[in-house]
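Novice: I'd like to ask some things about the structure below.
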There are 2 protein chains.
Amino acid sequence: MARKMHAIDSGSQDLSIIRDADMVILATPVNIIIKEAKEISKIIKPGCIICDVGSTKNEIVSKLTKILPGFVGTHPIAGSEKRGMINADSSIFKNSLCILTPVKNTDNTALNKVKNFWLKLGARIIIMDPRQHDKILSYVSHLPHAIAFSLINSIPAGHFRFTANSLRDTTRIAASDTGLWLDIFLSNRNNILKSIKVFEHNLSLLKKSLTNKDRKSLRRILSKAKAQRIKLH
Amino acid sequence: MARKMHAIDSGSQDLSIIRDADMVILATPVNIIIKEAKEISKIIKPGCIICDVGSTKNEIVSKLTKILPGFVGTHPIAGSEKRGMINADSSIFKNSLCILTPVKNTDNTALNKVKNFWLKLGARIIIMDPRQHDKILSYVSHLPHAIAFSLINSIPAGHFRFTANSLRDTTRIAASDTGLWLDIFLSNRNNILKSIKVFEHNLSLLKKSLTNKDRKSLRRILSKAKAQRIKLH
């Protein structure tokens, strides 16, 4: 069967091109996905499968499942701080993790088709509740971004020439797309605020041991961090 | 002229091997450098040049300059979270930055020899006051480490399997050597506490905009971060 693929960027107003599509992948920022869902529902043919690649799932899944019967929430955990066709990488999903977040109203045929699609791209599949997804991602992705943005904004610009790899690596993701992360943050704000609280607690323990010159507790913090990081392959 | 090189690890008690050395490079954690300086001063021959590679300079330089007349404080800004001969990299200093921190009692001949030594390894040299060095490094290196340690300690262990590159990169340095960083942190604690305060202020701005769903101020924070990070090559 011949397959046609089209890429429509988020600035494009003409969605009529998806009229005959068997599958539509929504790859715009979260807010635009939600905004365009109604428009899309009027254009697509019956049985059209729709998935997204948004980094937060609860808001998208609860809104889109009502509007688009063939919708399956998906989050391929792969990517970089770069955007656009020029940074495309055909092997980006190979051995990556793709989280699928079906809910009770999700169509089973659609779920299986979407699952097979990501499997064929080389991804490993995990099925998860969208709320659980958003809690976990607030720790493993959104919190590191919140920290990287705050960290780079704390460095006096004159100090940049003295930078080695530590600051470079910890802030690489601070160059991520502003619009994309604005939507992720606002769409998952409660979970992110909670994960920031946990981080602040850990930072306060480190500060306390520094303030008190408490070598023993500082050693405990650093050893724990090393042991934790080693677990993370 | 034939040159002999010896590596003595910090666990070794037999320092007599440095008796005939023309140059000694102290590459142990800060605290051990300070502890062993007196012992070293009794062994070395007159005119012996000594430098270190410690990540903080004010404490080391003020203490060692008094004890070792041929001492020059140096900080080659290069390295990784890995340790030991097995992770040695012969090109590690090529195009790296090496900060030299002479003070008014530093011997000029020693300074020039140390300078030439690092230049020959491919490093670019910057001369700086040791206190200024410690202030700058607290931002570009020690703060990112403090944050990486606190961040990895905030992630529930069960979430590690969902990790993509954002958490991986932001916490790579959390696997750094505990003893080494214990000494760096305690030796530069006042500057580090100040840089943490600046970071906390920036994080609180982000939190506030999340709490208030303030899209405009959140966009400002994320845009500034992106612009800052792009400056950092």
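Residues are named by chain letter and number: chains run A, B, ... in the order of the structure tokens, numbers start at 1 in each chain, and ligands are numbered from 1 in the order shown.
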Counting only C-alpha atoms, what is within 10 Å of Gln132 (chain A), bar same-chain residues fewer than 5 positions away, as a compact mmCIF listing (two decimals) with C-alpha atoms, in the first residue's frame?
Specialist:
# COMPACT_ATOMS: atom_id res chain seq x y z
CA LYS A 57 -0.51 14.02 28.70
CA ASN A 58 -3.34 14.51 31.19
CA THR A 101 -1.50 6.83 27.70
CA LEU A 137 7.79 13.37 33.76
CA SER A 138 7.68 16.33 36.16
Novice: I need the residues in region 1-232 of chain A that are strand (DSSP E) according to DSSP; give them as a list in words.
Specialist: Met23, Val24, Ile25, Leu26, Ile49, Ile50, Cys51, Asp52, Phe71, Val72, Thr74, His75, Pro76, Ile77, Leu97, Cys98, Ile99, Leu100, Arg124, Ile125, Ile126 and Ile127 of chain A
Novice: Would you please work out which residue, of A:Ile92, A:Ile152, A:Ile184, A:Ile60, is nearest to chain B when using only C-alpha atoms?
Specialist: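 Residue with the minimum atom-to-atom distance to chain B: A:Ile152.
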Novice: So which one's closest to Cys98 (chain A), B:Phe162, B:Leu222, B:Ser195, B:Lys216? Using only C-alpha atoms, please.
Specialist: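 Using only C-alpha atoms, the shortest distance to Cys98 (chain A) belongs to B:Phe162.
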Novice: Tell me which protein, DNA and RNA residues are within 7 Å of Phe93 (chain B), counting only C-alpha atoms, leaving out same-chain ones fewer than 2 positions away, and put them as a JSON list (two decimals) with all heavy atoms, in the first residue's frame.
Specialist:
[["chain", "number", "residue", "atom", "x", "y", "z"],
["B", 78, "ALA", "N", 39.56, 21.61, 33.10],
["B", 78, "ALA", "CA", 39.36, 20.48, 32.20],
["B", 78, "ALA", "C", 39.16, 19.27, 33.09],
["B", 78, "ALA", "O", 39.60, 19.26, 34.23],
["B", 78, "ALA", "CB", 40.57, 20.28, 31.30],
["B", 91, "SER", "N", 44.83, 14.30, 25.49],
["B", 91, "SER", "CA", 44.53, 15.59, 24.84],
["B", 91, "SER", "C", 43.63, 16.47, 25.69],
["B", 91, "SER", "O", 43.07, 17.45, 25.22],
["B", 91, "SER", "CB", 43.89, 15.33, 23.49],
["B", 91, "SER", "OG", 42.61, 14.74, 23.69],
["B", 95, "ASN", "N", 43.56, 23.22, 24.11],
["B", 95, "ASN", "CA", 42.56, 24.29, 24.00],
["B", 95, "ASN", "C", 41.72, 24.50, 25.26],
["B", 95, "ASN", "O", 40.68, 25.16, 25.21],
["B", 95, "ASN", "CB", 41.61, 24.04, 22.81],
["B", 95, "ASN", "CG", 42.37, 24.08, 21.52],
["B", 95, "ASN", "OD1", 43.23, 24.93, 21.34],
["B", 95, "ASN", "ND2", 42.08, 23.14, 20.62],
["B", 96, "SER", "N", 42.15, 23.91, 26.37],
["B", 96, "SER", "CA", 41.45, 24.18, 27.62],
["B", 96, "SER", "C", 41.94, 25.51, 28.19],
["B", 96, "SER", "O", 42.88, 26.11, 27.68],
["B", 96, "SER", "CB", 41.69, 23.06, 28.62],
["B", 96, "SER", "OG", 43.03, 23.14, 29.08],
["B", 121, "LEU", "N", 51.23, 22.11, 27.07],
["B", 121, "LEU", "CA", 50.18, 21.08, 27.06],
["B", 121, "LEU", "C", 48.97, 21.52, 26.22],
["B", 121, "LEU", "O", 48.01, 20.78, 26.06],
["B", 121, "LEU", "CB", 49.72, 20.76, 28.48],
["B", 121, "LEU", "CG", 50.71, 19.99, 29.36],
["B", 121, "LEU", "CD1", 50.14, 19.84, 30.76],
["B", 121, "LEU", "CD2", 51.02, 18.62, 28.77],
["B", 122, "GLY", "N", 49.04, 22.75, 25.70],
["B", 122, "GLY", "CA", 47.97, 23.21, 24.80],
["B", 122, "GLY", "C", 46.94, 24.09, 25.45],
["B", 122, "GLY", "O", 45.94, 24.46, 24.82],
["B", 123, "ALA", "N", 47.17, 24.45, 26.73],
["B", 123, "ALA", "CA", 46.16, 25.27, 27.44],
["B", 123, "ALA", "C", 46.33, 26.76, 27.11],
["B", 123, "ALA", "O", 47.41, 27.21, 26.77],
["B", 123, "ALA", "CB", 46.30, 25.05, 28.94]]
Novice: So what do you get for CA of Arg131 (chain A) versus CA of Ile155 (chain B), distance-wise?
Specialist: 17.5 Å
Novice: Chain A near chain B within 6 Å: what's each residue's closest atom pair and its distance in Å to one decimal, counting only C-alpha atoms, ordered by chain then ascending residue number, as JSON lines?
Specialist:
{"residue": "A:Val140", "atom": "CA", "partner": "B:Thr163", "partner_atom": "CA", "distance": 5.6}
{"residue": "A:Ser141", "atom": "CA", "partner": "B:Ser166", "partner_atom": "CA", "distance": 5.9}
{"residue": "A:Pro144", "atom": "CA", "partner": "B:Leu167", "partner_atom": "CA", "distance": 5.8}
{"residue": "A:Phe149", "atom": "CA", "partner": "B:Ala225", "partner_atom": "CA", "distance": 5.2}
{"residue": "A:Ser150", "atom": "CA", "partner": "B:Asn202", "partner_atom": "CA", "distance": 5.2}
{"residue": "A:Leu151", "atom": "CA", "partner": "B:Phe199", "partner_atom": "CA", "distance": 5.9}
{"residue": "A:Ile152", "atom": "CA", "partner": "B:Ala225", "partner_atom": "CA", "distance": 5.9}
{"residue": "A:Asn153", "atom": "CA", "partner": "B:Ala225", "partner_atom": "CA", "distance": 5.5}
{"residue": "A:Ser154", "atom": "CA", "partner": "B:Phe199", "partner_atom": "CA", "distance": 5.3}
{"residue": "A:Thr163", "atom": "CA", "partner": "B:Val140", "partner_atom": "CA", "distance": 5.6}
{"residue": "A:Ser166", "atom": "CA", "partner": "B:Ser141", "partner_atom": "CA", "distance": 5.9}
{"residue": "A:Leu167", "atom": "CA", "partner": "B:Val140", "partner_atom": "CA", "distance": 5.8}
{"residue": "A:Asp169", "atom": "CA", "partner": "B:Asp169", "partner_atom": "CA", "distance": 5.5}
{"residue": "A:Thr170", "atom": "CA", "partner": "B:Thr170", "partner_atom": "CA", "distance": 3.9}
{"residue": "A:Ala174", "atom": "CA", "partner": "B:Lys226", "partner_atom": "CA", "distance": 5.5}
{"residue": "A:Ala175", "atom": "CA", "partner": "B:Lys226", "partner_atom": "CA", "distance": 4.2}
{"residue": "A:Thr178", "atom": "CA", "partner": "B:Leu222", "partner_atom": "CA", "distance": 5.6}
{"residue": "A:Val198", "atom": "CA", "partner": "B:Ser154", "partner_atom": "CA", "distance": 5.9}
{"residue": "A:Phe199", "atom": "CA", "partner": "B:Ser154", "partner_atom": "CA", "distance": 5.3}
{"residue": "A:Asn202", "atom": "CA", "partner": "B:Ser150", "partner_atom": "CA", "distance": 5.2}
{"residue": "A:Leu203", "atom": "CA", "partner": "B:Ser150", "partner_atom": "CA", "distance": 5.2}
{"residue": "A:Leu222", "atom": "CA", "partner": "B:Thr178", "partner_atom": "CA", "distance": 5.6}
{"residue": "A:Ser223", "atom": "CA", "partner": "B:Thr178", "partner_atom": "CA", "distance": 5.9}
{"residue": "A:Ala225", "atom": "CA", "partner": "B:Phe149", "partner_atom": "CA", "distance": 5.2}
{"residue": "A:Lys226", "atom": "CA", "partner": "B:Ala175", "partner_atom": "CA", "distance": 4.2}
{"residue": "A:Arg229", "atom": "CA", "partner": "B:Ala175", "partner_atom": "CA", "distance": 5.6}
Novice: Using Å and a single decimal, report how far CA of Lys120 (chain B) sits from CA of Asp22 (chain B).
Specialist: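 Rounded to one decimal, the two atoms are 16.6 Å apart.
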Novice: Using only C-alpha atoms, can you tell me which of A:Leu64, A:Ile32, A:Met85, A:Ile49 comes closest to Asn108 (chain A)?
Specialist: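 Comparing A:Leu64, A:Ile32, A:Met85, A:Ile49 against Asn108 (chain A), the winner is A:Ile49.
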Novice: DSSP on the backbone, alpha helix (DSSP H) only: what residues of region 4-227 of chain A does that give? Format it as a ChimeraX atom specification.
Specialist: /A:30-43,58-67,108-120,130-137,143-152,165-171,178-187,189-211,215-227
Novice: Which residues, written as a JSON list (two decimals) with N, CA, C and O atoms, in the first residue's frame, have at least one atom at most 8 Å from Val61 (chain A), with only C-alpha atoms counted and residues fewer than 5 positions away on the same chain left out?
Specialist:
[["chain", "number", "residue", "atom", "x", "y", "z"],
["A", 72, "VAL", "N", -5.08, 8.69, 20.42],
["A", 72, "VAL", "CA", -4.28, 7.97, 21.42],
["A", 72, "VAL", "C", -3.15, 8.89, 21.87],
["A", 72, "VAL", "O", -2.36, 9.35, 21.04],
["A", 73, "GLY", "N", -3.06, 9.16, 23.15],
["A", 73, "GLY", "CA", -1.98, 10.01, 23.66],
["A", 73, "GLY", "C", -0.67, 9.26, 23.67],
["A", 73, "GLY", "O", -0.60, 8.14, 24.18],
["A", 101, "THR", "N", -0.63, 6.54, 26.55],
["A", 101, "THR", "CA", -1.50, 6.83, 27.70],
["A", 101, "THR", "C", -2.98, 6.70, 27.34],
["A", 101, "THR", "O", -3.71, 7.69, 27.37],
["A", 102, "PRO", "N", -3.42, 5.46, 27.01],
["A", 102, "PRO", "CA", -4.84, 5.28, 26.71],
["A", 102, "PRO", "C", -5.69, 5.46, 27.97],
["A", 102, "PRO", "O", -5.19, 5.25, 29.09],
["A", 103, "VAL", "N", -6.94, 5.85, 27.78],
["A", 103, "VAL", "CA", -7.89, 5.93, 28.90],
["A", 103, "VAL", "C", -9.07, 5.01, 28.57],
["A", 103, "VAL", "O", -9.08, 4.37, 27.53],
["A", 130, "PRO", "N", -2.39, 8.66, 32.06],
["A", 130, "PRO", "CA", -1.85, 10.00, 31.75],
["A", 130, "PRO", "C", -1.46, 10.82, 32.99],
["A", 130, "PRO", "O", -0.49, 11.58, 32.94]]
Novice: For the atom pair CA of Ile50 (chain A) and CA of Phe71 (chain A), what is the interatomic distance in Å to one decimal place?
Specialist: 4.6 Å
Novice: Just want the 8 Å neighbourhood of Ile25 (chain B), counted on only C-alpha atoms, with same-chain residues fewer than 4 positions away dropped. Output as a ChimeraX atom specification.
Specialist: /B:50-53
Novice: Could you write out the selected residues, including C-alpha atoms, as an mmCIF file, in the first residue's frame?
Specialist:
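Saved result, again.cif, follows:
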data_model
loop_
_atom_site.group_PDB
_atom_site.id
_atom_site.type_symbol
_atom_site.label_atom_id
_atom_site.label_comp_id
_atom_site.auth_asym_id
_atom_site.auth_seq_id
_atom_site.Cartn_x
_atom_site.Cartn_y
_atom_site.Cartn_z
ATOM 1 C CA ILE B 50 55.378 23.316 42.671
ATOM 2 C CA CYS B 51 51.915 23.807 41.284
ATOM 3 C CA ASP B 52 48.556 22.252 42.000
ATOM 4 C CA VAL B 53 45.411 21.535 40.030
#
Novice: Counting only C-alpha atoms, which of B:Lys104, B:Lys115, B:Lys35, B:Lys94 gets nearest to Lys63 (chain B)?
Specialist: B:Lys35
